[in-house]
Structure formats: C-alpha cells, structure tokens
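Below is the file input.csv, which contains CSV, C-alpha atoms.
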```csv
chain,number,residue,atom,x,y,z
A,217,MET,CA,120.1,67.5,118.2
A,218,TYR,CA,120.2,63.7,117.9
A,219,GLN,CA,122.7,63.9,115.0
A,220,LEU,CA,125.0,65.8,117.3
A,221,ILE,CA,125.0,63.2,120.0
A,222,ARG,CA,124.9,60.1,117.7
A,223,LYS,CA,128.6,60.1,117.3
A,224,TYR,CA,129.0,59.8,121.1
A,225,LEU,CA,126.4,57.1,121.3
A,226,PHE,CA,127.9,55.1,118.5
A,227,GLN,CA,131.2,54.9,120.5
A,228,GLN,CA,129.3,52.6,123.0
A,229,GLU,CA,128.1,49.0,122.4
A,230,PRO,CA,124.7,49.0,120.6
A,231,GLU,CA,123.0,46.8,123.2
A,232,GLU,CA,124.3,48.9,126.1
A,233,ILE,CA,122.8,52.0,124.5
A,234,HIS,CA,119.6,50.1,124.0
A,235,GLU,CA,119.4,49.1,127.6
A,236,LYS,CA,120.0,52.7,128.7
A,237,THR,CA,117.3,53.9,126.4
A,238,ILE,CA,114.8,51.4,127.8
A,239,HIS,CA,115.7,52.5,131.3
A,240,SER,CA,115.2,56.2,130.4
A,241,LEU,CA,111.8,55.5,128.8
A,242,ARG,CA,110.8,53.4,131.8
A,243,LEU,CA,111.2,56.5,134.0
A,244,VAL,CA,108.6,58.2,131.8
A,245,GLU,CA,106.3,55.2,131.4
A,246,ASP,CA,104.1,55.9,134.4
A,247,SER,CA,104.6,59.7,134.4
A,248,ALA,CA,101.7,61.7,132.9
A,249,PRO,CA,103.8,64.9,132.7
A,250,GLY,CA,106.7,63.0,131.2
A,251,LYS,CA,104.5,61.5,128.4
A,252,ALA,CA,102.8,64.9,127.9
A,253,ILE,CA,106.2,66.5,127.2
A,254,LEU,CA,107.2,63.7,124.7
A,255,LYS,CA,103.8,64.2,122.9
A,256,MET,CA,104.3,67.9,122.7
A,257,ILE,CA,107.7,67.4,121.1
A,258,TYR,CA,107.2,64.4,118.9
A,259,GLN,CA,103.6,63.9,118.0
A,260,THR,CA,101.9,65.3,114.9
A,261,ARG,CA,98.3,64.7,114.0
A,262,ASP,CA,96.7,64.9,110.5
A,263,GLU,CA,93.4,63.4,109.5
A,264,ARG,CA,94.9,62.5,106.1
A,265,LEU,CA,97.2,60.0,107.8
A,266,GLU,CA,94.7,58.3,110.1
A,267,THR,CA,94.4,54.7,109.0
A,268,LYS,CA,91.8,52.1,109.8
A,269,GLN,CA,92.5,48.3,109.5
A,270,TRP,CA,90.9,45.3,111.2
A,271,GLY,CA,88.5,47.7,112.9
A,272,ILE,CA,91.4,49.4,114.6
A,273,THR,CA,92.2,53.1,114.2
A,274,PHE,CA,95.8,54.0,113.8
A,275,PRO,CA,96.5,57.7,114.3
A,276,ASN,CA,99.1,57.5,111.5
A,277,PRO,CA,100.6,54.7,109.5
A,278,VAL,CA,104.1,54.7,110.9
A,279,GLY,CA,104.7,52.1,113.6
A,280,LEU,CA,107.7,50.8,115.6
A,281,ALA,CA,108.6,47.3,114.7
A,282,ALA,CA,109.1,44.4,117.2
A,283,GLY,CA,112.5,44.1,118.8
A,284,PHE,CA,112.8,47.4,120.5
A,285,ASP,CA,110.4,46.9,123.4
A,286,LYS,CA,110.9,43.1,123.7
A,287,ASN,CA,109.4,42.8,127.2
A,288,ALA,CA,106.5,45.3,126.9
A,289,GLU,CA,108.1,47.7,129.4
A,290,VAL,CA,107.8,51.1,127.6
A,291,TYR,CA,105.1,50.9,125.0
A,292,HIS,CA,103.2,53.9,126.5
A,293,SER,CA,106.3,56.0,126.3
A,294,LEU,CA,107.0,54.9,122.7
A,295,GLY,CA,103.5,55.7,121.7
A,296,ALA,CA,104.2,59.3,123.0
A,297,LEU,CA,107.1,59.5,120.5
A,298,GLY,CA,104.6,59.9,117.7
A,299,PHE,CA,104.3,56.4,116.4
A,300,GLY,CA,101.0,55.3,115.0
A,301,PHE,CA,101.3,51.9,116.7
A,302,VAL,CA,103.9,49.9,118.7
A,303,GLU,CA,104.7,46.2,118.4
A,304,VAL,CA,106.2,44.5,121.4
A,305,GLY,CA,108.2,41.3,121.5
A,306,THR,CA,109.2,38.9,120.2
A,307,LEU,CA,107.9,37.0,123.2
A,308,THR,CA,108.3,33.3,123.8
A,309,PRO,CA,106.5,31.1,126.4
A,310,GLN,CA,109.6,30.8,128.6
A,311,GLY,CA,112.1,33.6,129.2
A,312,GLN,CA,115.4,33.0,127.5
A,313,PRO,CA,118.8,34.9,127.4
A,314,GLY,CA,119.2,34.8,123.6
A,315,ASN,CA,122.5,34.3,121.8
A,316,PRO,CA,125.9,35.1,123.4
A,317,LYS,CA,127.1,38.7,123.3
A,318,PRO,CA,128.2,40.7,121.4
A,319,ARG,CA,125.2,40.1,119.1
A,320,VAL,CA,124.5,43.6,117.6
A,321,PHE,CA,126.8,45.3,115.1
A,322,ARG,CA,126.5,48.7,113.5
A,323,LEU,CA,127.5,49.3,109.9
A,324,PRO,CA,127.3,53.1,109.8
A,325,GLU,CA,128.7,53.4,106.2
A,326,HIS,CA,125.6,51.5,105.1
A,327,GLN,CA,123.1,52.8,107.7
A,328,ALA,CA,122.6,49.2,108.7
A,329,LEU,CA,122.7,46.8,111.6
A,330,ILE,CA,123.4,43.1,112.0
A,331,ASN,CA,121.8,41.4,114.9
A,332,ARG,CA,121.6,37.9,116.2
A,333,MET,CA,119.7,38.5,119.4
A,334,GLY,CA,117.9,35.2,119.4
A,335,PHE,CA,114.5,36.2,120.9
A,336,ASN,CA,116.0,37.3,124.2
A,337,ASN,CA,113.1,38.1,126.4
A,338,GLN,CA,111.7,37.6,129.9
A,339,GLY,CA,108.8,35.4,128.8
A,340,ALA,CA,105.2,35.8,127.9
A,341,TYR,CA,103.8,35.7,131.5
A,342,LEU,CA,105.8,38.6,132.8
A,343,ALA,CA,105.0,40.6,129.6
A,344,SER,CA,101.3,39.8,130.2
A,345,GLN,CA,101.5,41.5,133.6
A,346,ARG,CA,102.8,44.7,131.9
A,347,LEU,CA,100.3,44.6,129.1
A,348,VAL,CA,97.3,44.8,131.4
A,349,GLY,CA,97.2,48.5,130.6
A,350,TYR,CA,97.5,48.2,126.9
A,351,ALA,CA,93.9,49.5,126.4
A,352,TYR,CA,95.0,52.8,127.9
A,353,SER,CA,97.7,53.3,125.3
A,354,ASP,CA,97.3,56.3,122.9
A,355,VAL,CA,98.2,54.0,120.0
A,356,PRO,CA,97.4,50.3,119.1
A,357,ILE,CA,99.7,47.7,120.5
A,358,GLY,CA,100.8,44.6,118.6
A,359,ILE,CA,102.2,41.5,120.2
A,360,ASN,CA,104.9,39.5,118.3
A,361,ILE,CA,105.2,35.9,119.3
A,362,GLY,CA,107.8,33.1,118.6
A,363,LYS,CA,109.1,29.8,119.9
A,364,ASN,CA,111.8,29.1,122.4
A,365,LYS,CA,115.2,28.2,121.0
A,366,MET,CA,115.2,24.7,122.7
A,367,THR,CA,111.8,23.8,121.4
A,368,PRO,CA,112.1,21.5,118.4
A,369,ASN,CA,110.2,22.5,115.3
A,370,GLU,CA,108.0,19.4,115.7
A,371,GLU,CA,106.7,20.9,118.9
A,372,ALA,CA,106.8,24.6,117.8
A,373,VAL,CA,103.0,24.9,117.5
A,374,SER,CA,102.7,24.3,121.2
A,375,ASP,CA,104.9,27.3,122.0
A,376,TYR,CA,102.8,29.7,119.8
A,377,ILE,CA,99.6,28.3,121.5
A,378,LYS,CA,101.1,28.9,125.0
A,379,CYS,CA,101.8,32.5,124.0
A,380,MET,CA,98.3,32.9,122.8
A,381,ASP,CA,96.9,31.5,126.1
A,382,MET,CA,99.0,34.0,128.1
A,383,LEU,CA,98.7,37.0,125.9
A,384,TYR,CA,95.5,37.0,123.9
A,385,ALA,CA,93.6,39.1,126.4
A,386,TYR,CA,96.1,41.9,125.7
A,387,GLY,CA,97.2,43.9,122.7
A,388,HIS,CA,95.3,45.0,119.6
A,389,TYR,CA,96.8,42.5,117.1
A,390,PHE,CA,99.1,39.5,117.1
A,391,VAL,CA,102.1,38.6,114.8
A,392,ILE,CA,103.3,35.1,114.2
A,393,ASN,CA,107.1,35.4,113.8
A,394,ILE,CA,108.6,32.4,111.9
A,395,SER,CA,111.0,34.5,109.8
A,396,SER,CA,113.8,35.5,112.2
A,397,PRO,CA,117.1,34.1,111.1
A,398,ASN,CA,118.5,34.0,114.6
A,399,THR,CA,116.6,31.0,116.0
A,400,PRO,CA,117.9,27.7,114.5
A,401,ASN,CA,115.6,26.2,111.9
A,402,LEU,CA,112.8,28.7,112.6
A,403,ARG,CA,112.4,29.6,109.0
A,404,ASP,CA,111.7,26.0,108.2
A,405,LEU,CA,108.2,26.7,109.6
A,406,GLN,CA,107.6,28.8,106.5
A,407,GLU,CA,107.4,25.5,104.5
A,408,THR,CA,103.8,25.4,103.2
A,409,GLU,CA,102.4,22.5,105.2
A,410,ASN,CA,104.2,23.5,108.4
A,411,LEU,CA,102.8,27.0,107.9
A,412,ARG,CA,99.3,25.8,107.3
A,413,THR,CA,99.4,23.7,110.4
A,414,LEU,CA,100.7,26.5,112.6
A,415,ILE,CA,98.3,29.1,111.4
A,416,ARG,CA,95.4,26.7,111.7
A,417,ALA,CA,96.3,25.9,115.3
A,418,VAL,CA,96.8,29.5,116.3
A,419,ARG,CA,93.5,30.5,114.8
A,420,GLU,CA,91.7,27.6,116.5
A,421,LYS,CA,93.2,28.7,119.8
A,422,ALA,CA,92.1,32.2,119.2
A,423,ALA,CA,88.6,31.0,118.4
A,424,GLU,CA,88.6,29.0,121.7
A,425,LEU,CA,89.6,32.0,123.7
A,426,GLU,CA,87.0,34.2,121.9
A,427,GLY,CA,84.5,31.6,122.9
A,428,ARG,CA,85.4,32.3,126.5
A,429,GLY,CA,84.5,35.9,126.0
A,430,MET,CA,87.8,37.5,124.9
A,431,LYS,CA,87.7,40.1,122.1
A,432,LYS,CA,88.7,38.9,118.6
A,433,LYS,CA,92.1,40.0,117.5
A,434,PRO,CA,93.7,40.1,114.0
A,435,ILE,CA,96.5,37.7,113.5
A,436,LEU,CA,99.3,38.6,111.1
A,437,LEU,CA,102.3,36.7,109.7
A,438,LYS,CA,105.8,38.2,109.4
A,439,VAL,CA,107.7,36.9,106.3
A,440,ALA,CA,111.4,36.7,105.4
A,441,PRO,CA,112.9,38.4,102.4
A,442,ASP,CA,115.2,35.4,101.7
A,443,MET,CA,112.8,33.4,99.6
A,444,SER,CA,112.4,32.7,95.9
A,445,ASP,CA,109.4,34.0,94.0
A,446,GLU,CA,107.9,30.6,94.1
A,447,GLN,CA,108.4,30.2,97.9
A,448,MET,CA,106.9,33.6,98.6
A,449,HIS,CA,104.0,32.8,96.3
A,450,ASP,CA,103.3,29.6,98.3
A,451,VAL,CA,103.7,31.3,101.7
A,452,VAL,CA,101.4,34.2,101.1
A,453,HIS,CA,98.7,32.1,99.4
A,454,ALA,CA,98.8,29.5,102.1
A,455,ALA,CA,98.6,32.2,104.8
A,456,VAL,CA,95.6,33.9,103.2
A,457,GLU,CA,93.8,30.6,102.6
A,458,GLU,CA,94.3,29.7,106.2
A,459,GLY,CA,92.7,33.0,107.3
A,460,ILE,CA,95.6,35.1,108.2
A,461,SER,CA,94.5,38.8,108.8
A,462,GLY,CA,97.6,40.5,107.4
A,463,LEU,CA,101.2,40.1,106.3
A,464,ILE,CA,104.3,42.0,107.5
A,465,ALA,CA,107.0,42.2,104.8
A,466,THR,CA,109.8,41.8,105.6
A,467,ASN,CA,112.0,40.6,108.4
A,468,THR,CA,115.8,41.0,108.3
A,469,THR,CA,118.0,39.3,105.6
A,470,VAL,CA,120.9,36.9,105.8
A,471,SER,CA,122.2,38.3,102.5
A,472,ARG,CA,125.4,40.4,102.5
A,473,GLU,CA,125.3,41.3,98.9
A,474,VAL,CA,125.2,45.1,99.5
A,475,VAL,CA,127.7,45.2,102.4
A,476,GLY,CA,130.0,42.4,101.4
A,477,ASN,CA,133.2,44.4,101.9
A,478,HIS,CA,132.4,45.7,105.3
A,479,PRO,CA,134.5,44.3,108.2
A,480,LYS,CA,131.4,43.3,110.1
A,481,ALA,CA,129.7,41.6,107.0
A,482,GLY,CA,130.9,38.2,108.2
A,483,GLU,CA,129.0,38.4,111.5
A,484,ALA,CA,126.1,36.0,111.6
A,485,GLY,CA,122.6,37.4,112.0
A,486,GLY,CA,120.0,39.4,110.2
A,487,LEU,CA,120.9,42.5,108.3
A,488,SER,CA,118.5,45.5,108.6
A,489,GLY,CA,118.5,49.1,107.5
A,490,ARG,CA,119.2,50.9,104.3
A,491,PRO,CA,120.5,47.8,102.4
A,492,LEU,CA,116.9,46.3,102.8
A,493,THR,CA,115.0,49.4,101.5
A,494,ASP,CA,114.6,48.4,97.8
A,495,CYS,CA,114.4,44.7,98.5
A,496,SER,CA,111.6,44.9,100.9
A,497,THR,CA,109.7,47.4,98.7
A,498,GLU,CA,109.9,44.9,95.8
A,499,TRP,CA,108.6,42.1,98.0
A,500,ILE,CA,105.7,44.3,99.1
A,501,LYS,CA,104.8,45.0,95.5
A,502,GLU,CA,104.9,41.3,94.6
A,503,ILE,CA,102.8,40.4,97.6
A,504,TYR,CA,100.3,43.1,96.8
A,505,GLN,CA,100.1,41.8,93.3
A,506,GLU,CA,99.5,38.3,94.6
A,507,VAL,CA,97.0,39.0,97.4
A,508,GLY,CA,96.4,42.7,97.3
A,509,GLY,CA,92.9,43.5,98.5
A,510,GLN,CA,92.5,40.3,100.4
A,511,VAL,CA,94.7,41.2,103.4
A,512,PRO,CA,96.5,44.4,104.4
A,513,ILE,CA,100.3,44.5,104.2
A,514,VAL,CA,102.6,46.1,106.8
A,515,GLY,CA,105.8,47.3,105.1
A,516,VAL,CA,109.1,47.2,107.0
A,517,GLY,CA,112.8,47.3,105.9
A,518,GLY,CA,115.1,50.3,105.4
A,519,ILE,CA,112.6,53.1,106.1
A,520,PHE,CA,114.5,56.3,107.1
A,521,THR,CA,112.5,59.0,105.4
A,522,GLY,CA,109.0,59.9,104.3
A,523,ALA,CA,109.9,59.1,100.8
A,524,ASP,CA,111.0,55.6,101.9
A,525,ALA,CA,107.7,55.0,103.7
A,526,TYR,CA,105.7,56.5,100.8
A,527,SER,CA,107.4,54.1,98.3
A,528,LYS,CA,106.3,51.1,100.4
A,529,ILE,CA,102.8,52.5,100.7
A,530,ARG,CA,102.6,53.1,96.9
A,531,ALA,CA,103.9,49.5,96.5
A,532,GLY,CA,101.0,48.1,98.5
A,533,ALA,CA,101.6,48.7,102.2
A,534,SER,CA,98.7,50.0,104.3
A,535,LEU,CA,101.0,50.5,107.3
A,536,VAL,CA,104.7,50.7,107.7
A,537,GLN,CA,107.2,50.1,110.6
A,538,VAL,CA,110.7,51.4,111.4
A,539,TYR,CA,113.4,50.2,113.7
A,540,THR,CA,117.0,50.6,112.3
A,541,GLY,CA,115.9,54.0,110.9
A,542,MET,CA,115.3,55.2,114.5
A,543,ILE,CA,118.8,54.1,115.5
A,544,TYR,CA,120.3,56.3,112.9
A,545,GLN,CA,117.7,59.1,112.7
A,546,GLY,CA,116.7,59.4,116.4
A,547,PRO,CA,113.4,59.5,118.3
A,548,GLY,CA,111.8,62.1,116.1
A,549,ILE,CA,111.7,59.8,113.1
A,550,ALA,CA,107.9,59.1,113.2
A,551,LYS,CA,107.2,62.9,113.3
A,552,GLN,CA,109.6,63.5,110.5
A,553,ILE,CA,108.2,60.7,108.3
A,554,ASN,CA,104.6,61.8,108.9
A,555,LYS,CA,105.3,65.4,108.0
A,556,GLU,CA,106.9,64.3,104.8
A,557,LEU,CA,104.1,62.0,104.0
A,558,VAL,CA,101.6,64.8,104.2
A,559,LYS,CA,103.7,66.8,101.7
A,560,LEU,CA,104.0,63.8,99.3
A,561,LEU,CA,100.2,63.2,99.4
A,562,ALA,CA,99.6,66.8,98.5
A,563,LYS,CA,102.1,66.7,95.7
A,564,ASP,CA,100.4,63.7,94.2
A,565,GLY,CA,96.9,65.1,94.7
A,566,PHE,CA,95.8,62.5,97.2
A,567,GLN,CA,93.3,63.5,99.9
A,568,HIS,CA,94.1,60.6,102.2
A,569,ILE,CA,96.9,58.1,102.6
A,570,SER,CA,94.7,55.2,101.7
A,571,GLU,CA,94.4,56.5,98.2
A,572,ALA,CA,98.1,55.9,97.6
A,573,VAL,CA,98.1,52.3,98.7
A,574,GLY,CA,99.3,50.0,95.8
A,575,VAL,CA,99.2,52.7,93.1
A,576,ASP,CA,102.6,51.5,91.8
A,577,ALA,CA,101.7,47.8,91.9
A,578,THR,CA,98.8,47.9,89.5
```
Take the structure in the file and write it out as structure tokens.
Amino acid sequence: MYQLIRKYLFQQEPEEIHEKTIHSLRLVEDSAPGKAILKMIYQTRDERLETKQWGITFPNPVGLAAGFDKNAEVYHSLGALGFGFVEVGTLTPQGQPGNPKPRVFRLPEHQALINRMGFNNQGAYLASQRLVGYAYSDVPIGINIGKNKMTPNEEAVSDYIKCMDMLYAYGHYFVINISSPNTPNLRDLQETENLRTLIRAVREKAAELEGRGMKKKPILLKVAPDMSDEQMHDVVHAAVEEGISGLIATNTTVSREVVGNHPKAGEAGGLSGRPLTDCSTEWIKEIYQEVGGQVPIVGVGGIFTGADAYSKIRAGASLVQVYTGMIYQGPGIAKQINKELVKLLAKDGFQHISEAVGVDAT
C-alpha cells in the first residue's frame, strides 16, 4: 500500500511530509487502542531475533536511527511499528532552528537522501519532560546528544555535559554524536585527543549522576564514514580505551562518488540511503576486526531489506538501525526486515541471530 501512495508523498517537500507524519503519530502516542492497532499490523516476535546487550533486552535487532523523532514526541508510537529500539534526538542543550530550509533532498534514482538539518530540535529540557515515560515503552529508547551550533569546539564538552545532566535519568542508552557533517567543525571532535577528553568528561558526569542514585546507562559513540583507515583505527581504539560501551557505524557521508551526476548531488549535507550500503558494511567489518568482542557495534547505513541488515550483522553488527530505508519502504520496514532475517538465519543453519554476528569478519 505504501508503494502506491509514495509517488503522491514524494510530490511534497520532504520536511513537510515528515512534520505531517510526526503529527499523525502524535495522535496515537497516548492512545492505547491506536498503539494496539499499530502493533497488530506491524509487530512480529521471534525468540531467534531477541537480542541482549548492556543488560538491555531488544525484542529484535532492527532499530530506528536518530533524526526521525528529534524531540522525543512519538517514541511510543514508533515502538509500536515493530522496531526493536528507537533512538531520539539529536538533542542539544538549547533549542535551535537548524540550517535554513530547504535542507532535505530526495534522490529517488539512488534511493538516497541528502540532509543538512543542523541538529534542529527544541532542546534537552523539553525532551526530558516527554521522556519521563520512557520506561513504559515496549522497546528500549536511546538518546542521541550533540552540541549547539554556536558553541565553539573549545567549549563543546560543556554542551554534552549539560545534555547528560538534563537527560541521564531517562532513556536506556546514550549516544555521543560528533559525526554529523551539518554542524560546522563538529567532526573535528573525532581527533584523538579531543575525543578522549570528551568521552572522559561524559563518563565522569555519568559516574557523578550514578553516585546520586541514577541507574547506570551504556554510552555509545557514533562515527563518520569519511575517515581514512588510520583515522578510524585511532578513533575506535581511543573510544574503547576510554570506556565507551559501543560504536554506531556509520553516520551520513559527504562523499558524492556514487551520485555525482544527479542534479541534487551538489547540495551540501550528509548523503544517506542505498549509496551508503556497502561503504558502511565495510566499515563495520573493519571496526569488528579492530575491536570486535570488546564492544558491540550498531550497524547503520543503506539498510532497505533483510539481506542488507544480515550483511551488516555478518560483518560484525549486533544491532542495526534504519532511517532512509523507511522513507522509501514505508512504516512496515522493521517487520519486513525481521521476517527476512528469520529466513536467512534458517537458511544458514543458525539458531539465533547472535550466532551470525561477525562470521564474515573472521
């Protein structure tokens, strides 16, 4: 059904459709019957897909990446769509409008998007008020945090600390986002010493909050695909040495190699979707070979099918996330991927999804 209406939806501005979708989901957010209907249509359960990481049980390994529910408005509704977990944000200490519109562009021929949103959100405090009910979600909720655009990198640590102060009581896990290409100079924080300083400060703040009685939460790092092998090596080893709990690979890319002839290819921003499928899978494999077994990897980038997700799991991802795939495939994407994963596991003789993690990386 979604494929029939997608042509109509794609005649409208991407951000306009997104806002209408959030509004529709908001109508369901506090409606038990509404969420029950969504679950009946979209959820699928299979013990072979249940995944446990950091002491958290994920009903399946297919999550929704940050960027969709920026302000933590509809995470209950999204969980009812069959995802195994939902990541909200990116959230910054102060609300900010993001970059000027238009800032999202579809490349249908490539099943891709370019976005330069710029961490538009209403701020961590308002989100914290909505996240009070996170523990009642059917799926784990992650919180992705970043810095405000006007905060210089020299003071970036303070923004992440402020987010932790306001949000640490909520959510099942946290993600340090320093890999978006849409906040000026943000990726400079991936430089090894800057990264070590940031992770150390975030973990010290977490320990302080835990000392006040708050529950300990895993802290993950989201990395960019636009690094050399040496840079990626330095980043992942520094992160693990500083006690990071997991790695998310990867964010969007500034490369236009695959879509260079498209009329929208010259738009600034991060490219996501099908052009990132193979690139992100290769990075997952390399990261797994570097630090596999020390921290779990969440694979993201160009996942549209069960086969795409399975390739990332076999490359070393314990969990995966979608975003652009849902724009092109529709709200049933999690159910579709999970059903295909079960078939792929059976075909390869695996009894559980965990048995497939990293088999192509050894």
Selection: 8 Å around Leu560 (chain A), all atoms listed in the file, excl. self and same-chain fewer than 3 positions, as a VMD selection string: chain A and resid 523 526 556 to 557 563 to 564
Gap from CA of Gly298 (chain A) to CA of Gln259 (chain A) - Å, one decimal: 4.1 Å
For region 266-275 of chain A: contacts at 9 Å, only C-alpha atoms, fewer than 6 positions along chain excluded, given as a ChimeraX atom specification: /A:299-301,354-356,388-389,433-434,461,512,534-535,568-570
For CA of Lys480 (chain A) and CA of Val536 (chain A), the interatomic separation in Å (one decimal): 27.8 Å
Protein and nucleic acid residues near (114.6, 59.4, 110.5) (cut-off 12 Å, only C-alpha atoms) as a ChimeraX atom specification: /A:218-219,278,327,489-490,518-525,537-556
Nearest-residue call for Lys378 (chain A), choices A:Pro479, A:Pro309, A:Gly334, A:Gly283, using only C-alpha atoms: A:Pro309
Selection near Glu235 (chain A), 12 Å with all atoms listed in the file, sequence-local residues under 5 positions removed, as a list in words: Gln228, Glu229, Pro230, Ser240, Leu241, Arg242, Phe284, Asp285, Lys286, Asn287, Glu289 and Val290 of chain A
Separation of CA of Leu342 (chain A) from CA of Cys379 (chain A) in Å: 11.4 Å
Please, which residues in region 425-513 of chain A fall within 7 Å of region 405-408 of chain A when counting all atoms listed in the file, and what is the closest atom pair and distance in Å to one decimal for each, ordered by chain then residue number, as CSV?
```
residue,atom,partner,partner_atom,distance
A:Asp450,CA,A:Thr408,CA,6.5
A:Val451,CA,A:Thr408,CA,6.1
A:Ala454,CA,A:Thr408,CA,6.6
```
Shell around Met448 (chain A) at 10 Å using all atoms listed in the file, local window under 3 positions removed, as an MDAnalysis selection string: chainID A and resid 406 408 439:445 451:454 499 502:503 506
Surrounding residues of region 317-324 of chain A excluding itself and chain neighbours under 5 positions, 7 Å, all atoms listed in the file, as a list in words: Pro230, Glu231, Leu329, Ile330, Asn331, Arg332 and Met333 of chain A
Keeping only C-alpha atoms, write the selected residues as a PDB file, keeping the file's coordinate frame.
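Once everything was written out, this is out.pdb:
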```
ATOM      1  CA  PRO A 230     124.700  49.000 120.600  1.00  0.00           C
ATOM      2  CA  GLU A 231     123.000  46.800 123.200  1.00  0.00           C
ATOM      3  CA  LEU A 329     122.700  46.800 111.600  1.00  0.00           C
ATOM      4  CA  ILE A 330     123.400  43.100 112.000  1.00  0.00           C
ATOM      5  CA  ASN A 331     121.800  41.400 114.900  1.00  0.00           C
ATOM      6  CA  ARG A 332     121.600  37.900 116.200  1.00  0.00           C
ATOM      7  CA  MET A 333     119.700  38.500 119.400  1.00  0.00           C
TER       8      MET A 333
END
```
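Selecting by distance to (95.4, 28.5, 111.5) with a limit of 9 Å and using all atoms listed in the file, one obtains Leu411, Arg412, Thr413, Leu414, Ile415, Arg416, Ala417, Val418, Arg419, Glu420, Lys421, Ala455, Glu458, Gly459 and Ile460 of chain A.
Closest to Leu254 (chain A) among A:Gly311, A:Gly339, A:Gly295, A:Gly279 is A:Gly295, based on all atoms listed in the file.
Nearest residue to Ala465 (chain A), choosing from A:Gln227, A:Ser395, A:Gln447, A:Asn401 and counting only C-alpha atoms: A:Ser395.
Of the residues listed (A:Pro368, A:Asn467, A:Asp246, A:Glu446), A:Asp246 shows the shortest atom-to-atom separation from Gly349 (chain A); distances use all atoms listed in the file.
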